[in-house]
Structures are given as C-alpha cells and as structure tokens.
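Below is entry-v1.cif, holding mmCIF, C-alpha atoms and all ligand atoms.
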data_upload
#
loop_
_atom_site.label_atom_id
_atom_site.label_comp_id
_atom_site.auth_asym_id
_atom_site.auth_seq_id
_atom_site.Cartn_x
_atom_site.Cartn_y
_atom_site.Cartn_z
CA MET U 286 220.70 -79.57 -42.62
CA PRO U 287 217.86 -77.05 -42.57
CA HIS U 288 217.11 -75.31 -39.30
CA PRO U 289 213.91 -76.59 -37.57
CA LEU U 290 212.43 -73.13 -38.10
CA GLU U 291 212.84 -73.57 -41.85
CA ASP U 292 211.09 -76.94 -41.66
CA LEU U 293 208.30 -75.29 -39.70
CA ARG U 294 208.02 -72.52 -42.30
CA ASP U 295 207.82 -75.03 -45.16
CA ALA U 296 205.14 -77.04 -43.38
CA ALA U 297 203.15 -73.89 -42.80
CA LEU U 298 203.46 -72.78 -46.43
CA SER U 299 202.35 -76.15 -47.69
CA ASP U 300 199.33 -76.20 -45.35
CA ILE U 301 198.38 -72.72 -46.41
CA ASN U 302 198.82 -73.23 -50.14
CA THR U 303 196.74 -76.40 -50.14
CA ALA U 304 193.91 -75.09 -47.93
CA SER U 305 190.70 -75.70 -49.85
CA ASP U 306 188.40 -73.39 -47.90
CA GLU U 307 188.51 -70.30 -45.72
CA GLN U 308 187.94 -72.21 -42.51
CA THR U 309 190.96 -74.50 -43.08
CA LEU U 310 193.03 -71.44 -43.90
CA GLU U 311 191.99 -69.71 -40.70
CA SER U 312 192.87 -72.72 -38.58
CA ALA U 313 196.31 -72.85 -40.25
CA ARG U 314 196.81 -69.19 -39.35
CA VAL U 315 195.93 -69.88 -35.73
CA ARG U 316 198.14 -72.99 -35.65
CA TYR U 317 201.27 -71.12 -36.82
CA LEU U 318 200.85 -67.45 -36.07
CA GLY U 319 198.17 -67.45 -33.38
CA ARG U 320 199.08 -66.46 -29.82
CA SER U 321 200.08 -70.03 -28.95
CA GLY U 322 200.98 -70.97 -32.54
CA SER U 323 204.22 -72.80 -33.27
CA ILE U 324 205.97 -69.88 -34.97
CA SER U 325 204.97 -67.57 -32.14
CA ALA U 326 206.41 -70.13 -29.72
CA TRP U 327 209.84 -69.53 -31.26
CA SER U 328 209.75 -65.86 -30.44
CA GLU U 329 209.03 -66.82 -26.84
CA GLN U 330 212.17 -68.99 -26.84
CA MET U 331 214.43 -66.23 -28.13
CA LYS U 332 215.41 -65.09 -24.66
CA THR U 333 216.64 -68.58 -23.71
CA LEU U 334 219.09 -68.67 -26.64
CA SER U 335 222.80 -67.91 -26.54
CA LYS U 336 224.19 -64.62 -27.82
CA GLU U 337 225.55 -66.33 -30.92
CA GLU U 338 222.35 -68.15 -31.78
CA ARG U 339 220.01 -65.25 -31.22
CA PRO U 340 220.67 -63.20 -34.42
CA ILE U 341 220.55 -66.32 -36.61
CA VAL U 342 217.25 -67.51 -35.16
CA GLY U 343 215.91 -63.94 -35.15
CA LYS U 344 216.54 -63.61 -38.86
CA LEU U 345 214.99 -67.01 -39.64
CA LEU U 346 212.01 -66.17 -37.49
CA ASN U 347 211.43 -62.91 -39.35
CA GLN U 348 211.71 -64.60 -42.71
CA ALA U 349 209.30 -67.35 -41.65
CA ARG U 350 206.75 -64.86 -40.35
CA THR U 351 206.92 -62.69 -43.47
CA ALA U 352 206.61 -65.67 -45.81
CA VAL U 353 203.72 -67.19 -43.89
CA THR U 354 201.85 -63.87 -43.64
CA ALA U 355 202.19 -63.29 -47.38
CA ALA U 356 201.05 -66.84 -48.15
CA LEU U 357 198.01 -66.41 -45.92
CA GLU U 358 197.02 -63.29 -47.77
CA GLU U 359 197.54 -64.84 -51.17
CA SER U 360 195.58 -67.99 -50.31
CA GLY U 361 192.77 -65.91 -48.82
CA GLU U 362 192.55 -63.97 -52.06
CA ARG U 363 192.57 -67.20 -54.07
CA LEU U 364 189.77 -68.75 -51.98
CA ARG U 365 187.58 -65.66 -52.21
CA ALA U 366 187.96 -65.53 -55.99
CA GLU U 367 187.13 -69.24 -56.27
CA LYS U 368 184.03 -68.79 -54.17
CA GLU U 369 182.88 -65.90 -56.32
CA SER U 370 183.32 -67.70 -59.60
CA ARG U 371 181.47 -70.75 -58.19
CA ALA U 372 178.55 -68.46 -57.38
CA LEU U 373 178.64 -66.92 -60.84
CA GLN U 374 178.59 -70.33 -62.48
CA ASP U 375 174.97 -70.74 -61.41
CA ILE U 376 173.91 -67.59 -63.25
CA ASP U 377 173.03 -67.84 -66.92
CA ILE U 378 174.04 -64.46 -68.24
CA SER U 379 172.54 -65.25 -71.63
CA LEU U 380 168.99 -65.20 -70.20
CA PRO U 381 166.97 -62.08 -71.08
CA GLY U 382 166.60 -59.64 -68.15
CA THR U 383 163.41 -58.58 -66.38
CA PRO U 384 162.64 -55.04 -67.54
CA ALA U 385 161.79 -52.67 -64.68
CA GLU U 386 158.32 -51.23 -65.20
CA LEU U 387 158.28 -47.47 -64.87
CA GLY U 388 155.61 -46.17 -62.55
CA ALA U 389 154.02 -42.72 -62.52
CA LEU U 390 152.37 -40.46 -59.99
CA HIS U 391 148.63 -40.83 -59.46
CA PRO U 392 146.70 -37.80 -60.79
CA LEU U 393 145.58 -36.94 -57.26
CA THR U 394 149.17 -37.05 -56.05
CA GLN U 395 150.16 -34.77 -58.92
CA MET U 396 147.36 -32.39 -57.95
CA LEU U 397 148.40 -32.37 -54.27
CA ASP U 398 152.07 -31.89 -55.20
CA ARG U 399 151.23 -28.87 -57.31
CA ALA U 400 149.20 -27.31 -54.52
CA VAL U 401 151.78 -28.10 -51.86
CA ALA U 402 154.56 -26.53 -53.96
CA ILE U 403 152.68 -23.20 -54.04
CA PHE U 404 152.10 -23.16 -50.28
CA ARG U 405 155.73 -24.06 -49.62
CA ARG U 406 156.77 -20.93 -51.49
CA MET U 407 154.68 -18.97 -49.00
CA GLY U 408 156.51 -20.58 -46.10
CA PHE U 409 154.02 -23.28 -45.16
CA ALA U 410 155.48 -26.54 -43.86
CA VAL U 411 153.78 -29.89 -44.46
CA ALA U 412 152.22 -31.53 -41.39
CA GLU U 413 150.69 -34.98 -41.03
CA GLY U 414 148.20 -36.88 -38.94
CA PRO U 415 146.68 -40.36 -38.93
CA ASP U 416 143.68 -41.34 -41.07
CA VAL U 417 142.27 -43.27 -38.10
CA ASP U 418 141.77 -40.80 -35.29
CA THR U 419 139.74 -40.16 -32.15
CA GLU U 420 136.48 -38.26 -31.76
CA TRP U 421 138.34 -35.72 -29.69
CA TYR U 422 140.71 -34.74 -32.51
CA CYS U 423 138.00 -34.90 -35.16
CA PHE U 424 135.22 -33.11 -33.31
CA ASP U 425 135.58 -32.09 -29.64
CA ALA U 426 138.85 -30.19 -29.96
CA LEU U 427 137.39 -28.49 -33.05
CA ASN U 428 134.51 -27.07 -31.02
CA THR U 429 131.98 -29.43 -32.59
CA ALA U 430 129.01 -30.05 -30.30
CA PRO U 431 128.20 -33.62 -29.15
CA ASP U 432 124.92 -33.54 -31.11
CA HIS U 433 126.43 -32.14 -34.32
CA PRO U 434 125.10 -34.10 -37.33
CA ALA U 435 128.61 -34.78 -38.68
CA ARG U 436 129.15 -37.10 -35.70
CA ASN U 437 126.23 -39.25 -36.73
CA GLU U 438 126.98 -42.89 -37.50
CA GLN U 439 125.18 -42.33 -40.77
CA ASP U 440 127.88 -39.86 -41.80
CA THR U 441 131.03 -41.10 -40.11
CA PHE U 442 132.82 -44.45 -40.21
CA TYR U 443 133.35 -45.58 -36.61
CA LEU U 444 135.67 -48.42 -35.65
CA PRO U 445 134.50 -50.97 -33.05
CA ASP U 446 136.92 -49.43 -30.50
CA GLY U 447 135.28 -45.99 -30.82
CA ARG U 448 137.90 -44.42 -33.05
CA LEU U 449 136.88 -43.17 -36.50
CA LEU U 450 138.10 -42.49 -40.00
CA ARG U 451 138.70 -38.73 -39.97
CA THR U 452 135.89 -36.89 -41.71
CA HIS U 453 138.21 -33.98 -42.54
CA THR U 454 141.91 -33.13 -42.30
CA SER U 455 141.18 -30.46 -39.68
CA THR U 456 142.40 -32.99 -37.09
CA VAL U 457 145.94 -32.04 -38.10
CA GLN U 458 145.37 -28.45 -36.90
CA ILE U 459 144.95 -29.76 -33.37
CA ARG U 460 147.87 -32.20 -33.53
CA THR U 461 150.16 -29.47 -34.83
CA MET U 462 149.21 -26.95 -32.15
CA GLN U 463 149.55 -29.62 -29.48
CA SER U 464 153.09 -30.39 -30.54
CA ALA U 465 154.45 -26.87 -30.97
CA PRO U 466 153.78 -23.33 -29.72
CA PRO U 467 152.93 -20.49 -32.12
CA PRO U 468 153.81 -19.19 -34.65
CA ILE U 469 152.45 -22.01 -36.84
CA ARG U 470 152.24 -22.10 -40.60
CA VAL U 471 151.35 -25.57 -41.91
CA ILE U 472 149.39 -27.35 -44.57
CA ALA U 473 148.24 -30.96 -44.25
CA PRO U 474 147.40 -32.80 -47.46
CA GLY U 475 145.62 -36.10 -46.96
CA ALA U 476 142.59 -38.35 -47.23
CA ALA U 477 139.30 -37.97 -45.39
CA TYR U 478 136.30 -40.28 -45.21
CA ARG U 479 132.54 -39.96 -45.12
CA ARG U 480 129.69 -42.40 -45.45
CA ASP U 481 128.46 -40.88 -48.67
CA GLU U 482 126.33 -42.62 -51.24
CA VAL U 483 128.97 -43.48 -53.85
CA ASP U 484 128.40 -42.24 -57.40
CA ALA U 485 130.30 -40.46 -60.19
CA THR U 486 130.88 -37.40 -58.00
CA HIS U 487 130.85 -38.86 -54.47
CA SER U 488 133.34 -41.22 -52.91
CA ALA U 489 133.71 -42.54 -49.36
CA GLN U 490 137.32 -41.40 -49.52
CA PHE U 491 138.30 -37.96 -50.72
CA HIS U 492 141.25 -35.62 -50.36
CA GLN U 493 141.80 -32.26 -48.76
CA ILE U 494 144.54 -29.81 -48.04
CA GLU U 495 144.13 -28.36 -44.60
CA GLY U 496 145.88 -25.12 -43.73
CA LEU U 497 146.61 -23.35 -40.46
CA TYR U 498 148.36 -20.09 -39.77
CA VAL U 499 148.63 -18.81 -36.19
CA ASP U 500 150.62 -15.81 -35.06
CA LYS U 501 150.19 -12.39 -33.50
CA ASN U 502 148.01 -10.07 -35.61
CA VAL U 503 146.82 -12.55 -38.22
CA SER U 504 143.76 -11.07 -39.89
CA ILE U 505 141.10 -11.88 -42.46
CA ALA U 506 143.16 -9.85 -44.93
CA ASP U 507 145.96 -12.44 -44.52
CA LEU U 508 143.47 -15.25 -45.05
CA LYS U 509 142.08 -13.72 -48.22
CA GLY U 510 145.46 -12.70 -49.58
CA THR U 511 146.96 -16.14 -49.01
CA LEU U 512 144.10 -18.07 -50.60
CA GLU U 513 143.66 -15.69 -53.52
CA PHE U 514 147.36 -15.90 -54.29
CA PHE U 515 147.24 -19.68 -54.04
CA LEU U 516 144.23 -20.02 -56.34
CA ARG U 517 145.67 -17.67 -58.97
CA GLU U 518 148.97 -19.54 -58.95
CA LEU U 519 147.11 -22.82 -59.35
CA LEU U 520 144.41 -21.85 -61.83
CA GLY U 521 145.76 -18.80 -63.62
CA ALA U 522 145.78 -15.02 -63.23
CA ASP U 523 142.20 -14.67 -64.55
CA THR U 524 140.84 -16.60 -61.54
CA GLU U 525 138.09 -14.85 -59.58
CA VAL U 526 137.68 -15.73 -55.93
CA ARG U 527 134.55 -15.24 -53.85
CA PHE U 528 134.29 -15.53 -50.06
CA ARG U 529 130.76 -16.45 -49.05
CA PRO U 530 129.74 -16.32 -45.35
CA HIS U 531 129.14 -19.78 -43.94
CA PHE U 532 129.22 -21.66 -40.63
CA PHE U 533 131.93 -23.97 -39.32
CA PRO U 534 132.16 -24.73 -35.60
CA PHE U 535 135.94 -24.28 -35.53
CA THR U 536 136.14 -20.86 -37.17
CA GLU U 537 134.47 -17.50 -36.55
CA PRO U 538 133.78 -15.83 -38.88
CA SER U 539 133.66 -18.62 -41.47
CA PHE U 540 133.45 -18.59 -45.25
CA GLU U 541 133.12 -20.86 -48.20
CA ILE U 542 135.36 -20.08 -51.14
CA ASP U 543 134.09 -20.22 -54.71
CA VAL U 544 136.23 -19.77 -57.81
CA LYS U 545 135.62 -18.93 -61.41
CA SER U 546 138.39 -19.38 -63.97
CA LYS U 547 139.01 -20.39 -67.57
CA ALA U 548 141.02 -23.38 -66.35
CA LEU U 549 137.86 -24.79 -64.79
CA LYS U 550 136.04 -24.90 -68.12
CA ARG U 551 132.64 -24.12 -66.69
CA GLY U 552 131.98 -20.67 -68.12
CA GLU U 553 130.32 -18.26 -65.70
CA LYS U 554 129.57 -20.93 -63.12
CA TRP U 555 131.29 -20.69 -59.70
CA LEU U 556 132.93 -23.77 -58.25
CA GLU U 557 132.82 -24.28 -54.49
CA LEU U 558 136.31 -25.26 -53.48
CA ALA U 559 137.05 -24.70 -49.81
CA GLY U 560 135.94 -23.78 -46.34
CA CYS U 561 137.89 -21.32 -44.24
CA GLY U 562 137.75 -18.83 -41.42
CA MET U 563 139.44 -17.31 -38.40
CA VAL U 564 140.31 -19.94 -35.77
CA HIS U 565 137.65 -19.96 -33.04
CA PRO U 566 138.98 -19.01 -29.59
CA ALA U 567 137.33 -22.18 -28.22
CA VAL U 568 139.71 -24.25 -30.38
CA PHE U 569 142.70 -22.46 -28.83
CA GLU U 570 141.25 -23.13 -25.38
CA GLN U 571 140.91 -26.85 -26.14
CA VAL U 572 144.50 -26.98 -27.33
CA ASN U 573 145.73 -25.09 -24.26
CA SER U 574 144.03 -27.45 -21.86
CA ALA U 575 145.42 -30.47 -23.72
CA ARG U 576 148.91 -28.88 -23.64
CA GLY U 577 148.55 -27.83 -20.03
CA ASP U 578 149.73 -24.29 -20.74
CA ASN U 579 148.46 -21.06 -22.25
CA ALA U 580 150.67 -21.09 -25.36
CA TYR U 581 147.71 -20.34 -27.63
CA ASP U 582 146.40 -17.45 -25.60
CA PRO U 583 143.38 -16.23 -27.62
CA GLU U 584 144.02 -12.72 -26.27
CA LYS U 585 147.48 -12.71 -27.89
CA TYR U 586 147.16 -14.92 -30.92
CA THR U 587 144.84 -15.15 -33.87
CA GLY U 588 144.89 -17.47 -36.83
CA PHE U 589 143.21 -18.56 -39.98
CA ALA U 590 142.41 -22.06 -41.19
CA PHE U 591 141.14 -23.55 -44.40
CA GLY U 592 140.24 -26.87 -45.94
CA LEU U 593 140.51 -27.29 -49.69
CA GLY U 594 138.81 -30.14 -51.54
CA MET U 595 141.17 -31.66 -54.08
CA ASP U 596 139.25 -34.41 -55.88
CA ARG U 597 136.82 -32.21 -57.76
CA LEU U 598 139.66 -29.91 -58.77
CA ALA U 599 141.72 -32.82 -60.08
CA MET U 600 138.69 -34.15 -61.96
CA ILE U 601 138.19 -30.84 -63.71
CA LEU U 602 141.83 -30.13 -64.47
CA PHE U 603 142.56 -33.66 -65.71
CA ASP U 604 139.19 -34.13 -67.44
CA ILE U 605 138.22 -37.11 -65.31
CA PRO U 606 134.49 -37.88 -65.56
CA ASP U 607 134.06 -40.22 -62.57
CA ILE U 608 135.56 -39.90 -59.08
CA ARG U 609 135.56 -43.70 -58.67
CA LEU U 610 138.33 -43.95 -61.26
CA PHE U 611 140.75 -42.53 -58.67
CA ALA U 612 140.47 -45.64 -56.52
CA GLN U 613 140.05 -48.43 -59.04
CA ASN U 614 143.74 -48.86 -59.90
CA ASP U 615 142.95 -49.44 -63.55
CA LEU U 616 146.27 -49.09 -65.40
CA ARG U 617 144.51 -48.06 -68.61
CA PHE U 618 143.25 -45.03 -66.68
CA LEU U 619 146.40 -44.30 -64.67
CA ARG U 620 148.77 -44.53 -67.66
CA GLN U 621 147.11 -41.49 -69.20
CA PHE U 622 148.62 -39.28 -66.50
CA ALA U 623 152.17 -40.66 -66.62
N1 LIG U 701 136.84 -29.24 -42.37
C1 LIG U 701 135.91 -28.59 -43.30
C2 LIG U 701 135.24 -29.66 -44.18
O1 LIG U 701 135.76 -30.73 -44.30
C3 LIG U 701 136.63 -27.63 -44.18
C4 LIG U 701 137.16 -26.47 -43.41
C5 LIG U 701 136.36 -25.35 -43.19
C6 LIG U 701 138.43 -26.53 -42.88
C7 LIG U 701 136.84 -24.28 -42.48
C8 LIG U 701 138.91 -25.45 -42.16
C9 LIG U 701 138.09 -24.32 -41.96
O2 LIG U 701 140.13 -25.44 -41.63
O3 LIG U 701 138.58 -23.29 -41.26
O4 LIG U 701 134.23 -29.38 -44.71
#

When written as structure tokens, how does the structure in this file appear?
Amino acid sequence: MPHPLEDLRDAALSDINTASDEQTLESARVRYLGRSGSISAWSEQMKTLSKEERPIVGKLLNQARTAVTAALEESGERLRAEKESRALQDIDISLPGTPAELGALHPLTQMLDRAVAIFRRMGFAVAEGPDVDTEWYCFDALNTAPDHPARNEQDTFYLPDGRLLRTHTSTVQIRTMQSAPPPIRVIAPGAAYRRDEVDATHSAQFHQIEGLYVDKNVSIADLKGTLEFFLRELLGADTEVRFRPHFFPFTEPSFEIDVKSKALKRGEKWLELAGCGMVHPAVFEQVNSARGDNAYDPEKYTGFAFGLGMDRLAMILFDIPDIRLFAQNDLRFLRQFA
C-alpha cells in the first residue's frame, strides 16, 4: 500500500500537470507547498513521529517536495510558451512591413550645429532659456530703458499675461549669470521673435546664437579674437571681419560685425552678421541684485557678449532664396538638405 505522502505527491503532480493557466498553477503551488499547504503540513508533523518512522517519512517528504517543485517549474514553462504562441498566432508574418521613413536635420539645425561645434572647441558650453520670457529678462536686466522702441507692442509679441516672446537670445545671458558665478563661457542657440512684416527676407521667427564670456581681465582683444576665429572656421580662411561701432544698451562699447568672404558669394559686399560688445556694468549690477550677492562685481570682472544672426547665413550658404521656406515644412524643400 502506498504511503499517504505518496498519494499526496501523486495528487499534486496530477493537479500541476493538468493546470491550464498560470493562476490555477499558482493556487496548486499554494495548496501543496505554501506555508499551510498539505506537503508543508507533513514537515510540521515530523517531530511527533517515532524514531523508526522519522527517516522513512523524511525521505518520502524530500522526494515529494523535489518532484512537486520540478513539476511546478516545468508546467510554468509550458504555460508561458503556450501563451506566447497564442499571441503569435494573431500576427500574420507574411504581411509586408511598414518601412521606417528616414528623417534629416533641418538646414537651420545643421547651421546651428556647425556653429556650436566651433564654439565648443573654444570651451564654450551650451546654455538654454525659454522662448516665452518676462520683460525683465528681455529688457530691464539688459539695461534697456522703459521707453526703448524695442519694447513697443508694434515690435514685440506680448502675451495677455504680460510675458513676451523673446526678441533676442540675450535673455540667456541673464539666466546664466543668475544661476552661476563667474567665470562664464556659454553660447545659447535658439529662436527669437519680432513683429516684422513677413517677406522673403523677414520672418516673425528667426534664430540667433548668443554668446557670453565673463572672467577677470576679459578684453576687447578677446572678443575680436574669438569672433574672428569663429568666422574664419565657419566661412573659410579668406574671411575678412569688420567691427563697426554701434549702440546696444547692454554693452559698452558696442559693435556690429560685418564679414566678407568667398563663401558668401556676394563679391566685395559686406554682410552684417552680428552685434557684440563688452558687457555693460549696469547688466552686472542687475544680475547682482537679482542674485542677492556681488558675484559679478564690475570692479573685478569684465566680459564680452555677442548675438549672431543665423537665418541669413543659412540662406546664403545653402542657397535658399526665401526665409519663409524654413518654416513651411515642405518636404520637397527639406529633402534637399538631407
Ligand atoms: N541682442 C542683439 C539683437 O538681437 C544682438 C546683440 C548685440 C547681442 C550685442 C549681444 C550683444 O549679446 O552684446 O540685435
């Protein structure tokens, strides 16, 4: 006559081998091997058995546990495989696939990437700021008077809540200085917005690379050297660079930068490309009062800043006749730059 433990083992094996889903299998495991399962109950009883019985029952118990554990594993494997093949049955592998369409970088992105790569080699890090910003970041902190024409609603897009679409990327200068003490060496590529009459050369959205370098003893020589190097790397060694005195509220002195180069395909004509200058002490003061310290002490630190227009450059280098093409998402246009 088989021992009751052997009967129990056989019952367990049959339950496990016939389980038709994972839930049934799990409840069988609990029923036999769980903390109050019937096989576990036998181990509890061991201590009540006689000396003679104990080794016999111990051996049977071990065998039962090993057999049941192995069966559980095997059945689990079987159920998982069944589930998988059921799922695969619904897929028709003879159907043609959906080809992934390969995208490409927008010509403006390519232009910005090229410029950013050159500045990175000179140790500039990339900084960012929001396109929607406050008047303080766009104008006040940049020493721009309350009655400055750039603030006019005719020139700037204001949101109903008083915020605006940044009219230049110079906002990122302020955000960067607010978040970290000098030395600072960053560029900020990004979009800017103005209420321009839209035509082949004017768009309400355009792109700039802002730059800011603040440290002890930064001079105009550093400004000129940095920008000349950048422009020659970008446009070729024959590039001539001209710094023309100008006015910007946030720099003193200020310049506009013109370039002449074969790559620009305009003969002897200069192209106006950027604004730049030495950071105005009033900008440092604004930053200090926002920071609540004197980290940008204008007696100790100087800096240069610049803002490069990228759209016109991309138009010339990629032979694009109309600035509106940048924003129209016409694949016939975009594919040409893939
Ligand atoms: N923000 C100016 C513009 O959009 C460009 C500019 C001029 C940026 C001088 C600068 C700067 O950082 O120093 O016209």

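Relative to atom CA of Tyr422 of chain U, atom CA of Arg480 of chain U is found at 18.6 Å.
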
>> For a quick check of understanding, using all atoms listed in the file, which of U:Ser455, U:Asp578, U:Pro566, U:Val503 has the smallest distance to ligand LIG 701 (chain U)?
In response: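 Of U:Ser455, U:Asp578, U:Pro566, U:Val503, the one nearest ligand LIG 701 (chain U) is U:Ser455, counting all atoms listed in the file.
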
>> Could you tell me how far atom CA of Asp607 of chain U sits from atom CA of Asp481 of chain U, in Å to one decimal place?
In response: 15.0 Å

At most 8 Å from ligand LIG 701 (chain U) (all atoms listed in the file): residue list as a JSON list (two decimals) with C-alpha atoms, in the coordinates of the input:
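selection13.json, freshly written:
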[["chain", "number", "residue", "atom", "x", "y", "z"],
["U", 452, "THR", "CA", 135.89, -36.89, -41.71],
["U", 453, "HIS", "CA", 138.21, -33.98, -42.54],
["U", 454, "THR", "CA", 141.91, -33.13, -42.30],
["U", 455, "SER", "CA", 141.18, -30.46, -39.68],
["U", 458, "GLN", "CA", 145.37, -28.45, -36.90],
["U", 493, "GLN", "CA", 141.80, -32.26, -48.76],
["U", 495, "GLU", "CA", 144.13, -28.36, -44.60],
["U", 496, "GLY", "CA", 145.88, -25.12, -43.73],
["U", 497, "LEU", "CA", 146.61, -23.35, -40.46],
["U", 533, "PHE", "CA", 131.93, -23.97, -39.32],
["U", 535, "PHE", "CA", 135.94, -24.28, -35.53],
["U", 536, "THR", "CA", 136.14, -20.86, -37.17],
["U", 539, "SER", "CA", 133.66, -18.62, -41.47],
["U", 540, "PHE", "CA", 133.45, -18.59, -45.25],
["U", 541, "GLU", "CA", 133.12, -20.86, -48.20],
["U", 559, "ALA", "CA", 137.05, -24.70, -49.81],
["U", 560, "GLY", "CA", 135.94, -23.78, -46.34],
["U", 561, "CYS", "CA", 137.89, -21.32, -44.24],
["U", 562, "GLY", "CA", 137.75, -18.83, -41.42],
["U", 563, "MET", "CA", 139.44, -17.31, -38.40],
["U", 564, "VAL", "CA", 140.31, -19.94, -35.77],
["U", 589, "PHE", "CA", 143.21, -18.56, -39.98],
["U", 590, "ALA", "CA", 142.41, -22.06, -41.19],
["U", 591, "PHE", "CA", 141.14, -23.55, -44.40],
["U", 592, "GLY", "CA", 140.24, -26.87, -45.94],
["U", 593, "LEU", "CA", 140.51, -27.29, -49.69],
["U", 594, "GLY", "CA", 138.81, -30.14, -51.54]]

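Straight-line separation from atom CA of Gln463 of chain U to atom CA of Arg576 of chain U: 5.9 Å.
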
Residues at most 8 Å from Phe424 of chain U, counting only C-alpha atoms, excluding those fewer than 5 positions away in the same chain, as a PDB file with C-alpha atoms, in the frame of the given file?
ATOM      1  CA  THR U 429     131.980 -29.430 -32.590  1.00  0.00           C
ATOM      2  CA  ALA U 430     129.010 -30.050 -30.300  1.00  0.00           C
ATOM      3  CA  ARG U 436     129.150 -37.100 -35.700  1.00  0.00           C
TER       4      ARG U 436
END

>> Could you list, as an NGL selection string, every residue within 12 Å of segment 401-409 of chain U, counting only C-alpha atoms and ignoring same-chain residues fewer than 3 positions away?
In response: :U and (394-398 or 412 or 468-475 or 493-499 or 507 or 510-520 or 593 or 595)

>> Calculated over all atoms listed in the file, which of the candidates U:Gln330, U:Gln490, U:Ser360, U:Asn614 has the smallest distance to Glu311 of chain U?
In response: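 Nearest to Glu311 of chain U: U:Ser360.
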
> If we count all atoms listed in the file, what is near Ala313 of chain U at a cut-off of 9 Å, once residues fewer than 2 positions away on the same chain are taken out, given as a list in words?
Replying inline: Ala297, Asp300, Ile301, Ala304, Gln308, Thr309, Leu310, Glu311, Val315, Arg316, Tyr317, Leu318, Gly319 and Leu357 of chain U

> Looking at all atoms listed in the file, which of U:Pro467, U:Gly552, U:Pro583, U:Gly414 is the one that sits closest to Ala567 of chain U?
Replying inline: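 Between U:Pro467, U:Gly552, U:Pro583, U:Gly414, the residue approaching Ala567 of chain U most closely is U:Pro583.
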
> Closest to Ala410 of chain U among U:Gly361, U:Glu386, U:Thr461, U:Asp446, using only C-alpha atoms?
Replying inline: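 Closest candidate: U:Thr461.
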
Can you sort out segment 549-568 of chain U so it carries N, CA and C atoms, written as a PDB file, keeping the file's coordinate frame?
ATOM      1  N   LEU U 549     138.876 -23.874 -65.310  1.00  0.00           N
ATOM      2  CA  LEU U 549     137.860 -24.790 -64.790  1.00  0.00           C
ATOM      3  C   LEU U 549     136.815 -25.167 -65.842  1.00  0.00           C
ATOM      4  N   LYS U 550     136.879 -24.529 -66.980  1.00  0.00           N
ATOM      5  CA  LYS U 550     136.040 -24.900 -68.120  1.00  0.00           C
ATOM      6  C   LYS U 550     134.550 -24.983 -67.800  1.00  0.00           C
ATOM      7  N   ARG U 551     134.081 -24.072 -66.976  1.00  0.00           N
ATOM      8  CA  ARG U 551     132.640 -24.120 -66.690  1.00  0.00           C
ATOM      9  C   ARG U 551     131.989 -22.749 -66.861  1.00  0.00           C
ATOM     10  N   GLY U 552     132.584 -21.938 -67.747  1.00  0.00           N
ATOM     11  CA  GLY U 552     131.980 -20.670 -68.120  1.00  0.00           C
ATOM     12  C   GLY U 552     131.809 -19.739 -66.935  1.00  0.00           C
ATOM     13  N   GLU U 553     130.588 -19.226 -66.754  1.00  0.00           N
ATOM     14  CA  GLU U 553     130.320 -18.260 -65.700  1.00  0.00           C
ATOM     15  C   GLU U 553     129.969 -18.917 -64.372  1.00  0.00           C
ATOM     16  N   LYS U 554     129.983 -20.245 -64.357  1.00  0.00           N
ATOM     17  CA  LYS U 554     129.570 -20.930 -63.120  1.00  0.00           C
ATOM     18  C   LYS U 554     130.685 -20.930 -62.080  1.00  0.00           C
ATOM     19  N   TRP U 555     130.324 -20.629 -60.805  1.00  0.00           N
ATOM     20  CA  TRP U 555     131.290 -20.690 -59.700  1.00  0.00           C
ATOM     21  C   TRP U 555     131.467 -22.128 -59.264  1.00  0.00           C
ATOM     22  N   LEU U 556     132.678 -22.442 -58.827  1.00  0.00           N
ATOM     23  CA  LEU U 556     132.930 -23.770 -58.250  1.00  0.00           C
ATOM     24  C   LEU U 556     133.263 -23.598 -56.770  1.00  0.00           C
ATOM     25  N   GLU U 557     132.530 -24.334 -55.922  1.00  0.00           N
ATOM     26  CA  GLU U 557     132.820 -24.280 -54.490  1.00  0.00           C
ATOM     27  C   GLU U 557     134.022 -25.167 -54.211  1.00  0.00           C
ATOM     28  N   LEU U 558     135.037 -24.563 -53.564  1.00  0.00           N
ATOM     29  CA  LEU U 558     136.310 -25.260 -53.480  1.00  0.00           C
ATOM     30  C   LEU U 558     136.827 -25.485 -52.065  1.00  0.00           C
ATOM     31  N   ALA U 559     136.415 -24.619 -51.131  1.00  0.00           N
ATOM     32  CA  ALA U 559     137.050 -24.700 -49.810  1.00  0.00           C
ATOM     33  C   ALA U 559     136.184 -24.077 -48.740  1.00  0.00           C
ATOM     34  N   GLY U 560     136.498 -24.448 -47.498  1.00  0.00           N
ATOM     35  CA  GLY U 560     135.940 -23.780 -46.340  1.00  0.00           C
ATOM     36  C   GLY U 560     137.095 -23.092 -45.628  1.00  0.00           C
ATOM     37  N   CYS U 561     136.795 -21.998 -44.929  1.00  0.00           N
ATOM     38  CA  CYS U 561     137.890 -21.320 -44.240  1.00  0.00           C
ATOM     39  C   CYS U 561     137.332 -20.380 -43.182  1.00  0.00           C
ATOM     40  N   GLY U 562     138.209 -19.794 -42.423  1.00  0.00           N
ATOM     41  CA  GLY U 562     137.750 -18.830 -41.420  1.00  0.00           C
ATOM     42  C   GLY U 562     138.858 -18.501 -40.443  1.00  0.00           C
ATOM     43  N   MET U 563     138.500 -17.666 -39.444  1.00  0.00           N
ATOM     44  CA  MET U 563     139.440 -17.310 -38.400  1.00  0.00           C
ATOM     45  C   MET U 563     139.269 -18.308 -37.249  1.00  0.00           C
ATOM     46  N   VAL U 564     140.360 -18.885 -36.792  1.00  0.00           N
ATOM     47  CA  VAL U 564     140.310 -19.940 -35.770  1.00  0.00           C
ATOM     48  C   VAL U 564     139.492 -19.465 -34.556  1.00  0.00           C
ATOM     49  N   HIS U 565     138.538 -20.289 -34.169  1.00  0.00           N
ATOM     50  CA  HIS U 565     137.650 -19.960 -33.040  1.00  0.00           C
ATOM     51  C   HIS U 565     138.436 -20.024 -31.729  1.00  0.00           C
ATOM     52  N   PRO U 566     138.252 -18.997 -30.874  1.00  0.00           N
ATOM     53  CA  PRO U 566     138.980 -19.010 -29.590  1.00  0.00           C
ATOM     54  C   PRO U 566     138.778 -20.316 -28.806  1.00  0.00           C
ATOM     55  N   ALA U 567     137.598 -20.933 -28.956  1.00  0.00           N
ATOM     56  CA  ALA U 567     137.330 -22.180 -28.220  1.00  0.00           C
ATOM     57  C   ALA U 567     138.279 -23.294 -28.652  1.00  0.00           C
ATOM     58  N   VAL U 568     138.749 -23.246 -29.900  1.00  0.00           N
ATOM     59  CA  VAL U 568     139.710 -24.250 -30.380  1.00  0.00           C
ATOM     60  C   VAL U 568     141.056 -24.036 -29.672  1.00  0.00           C
TER      61      VAL U 568
END
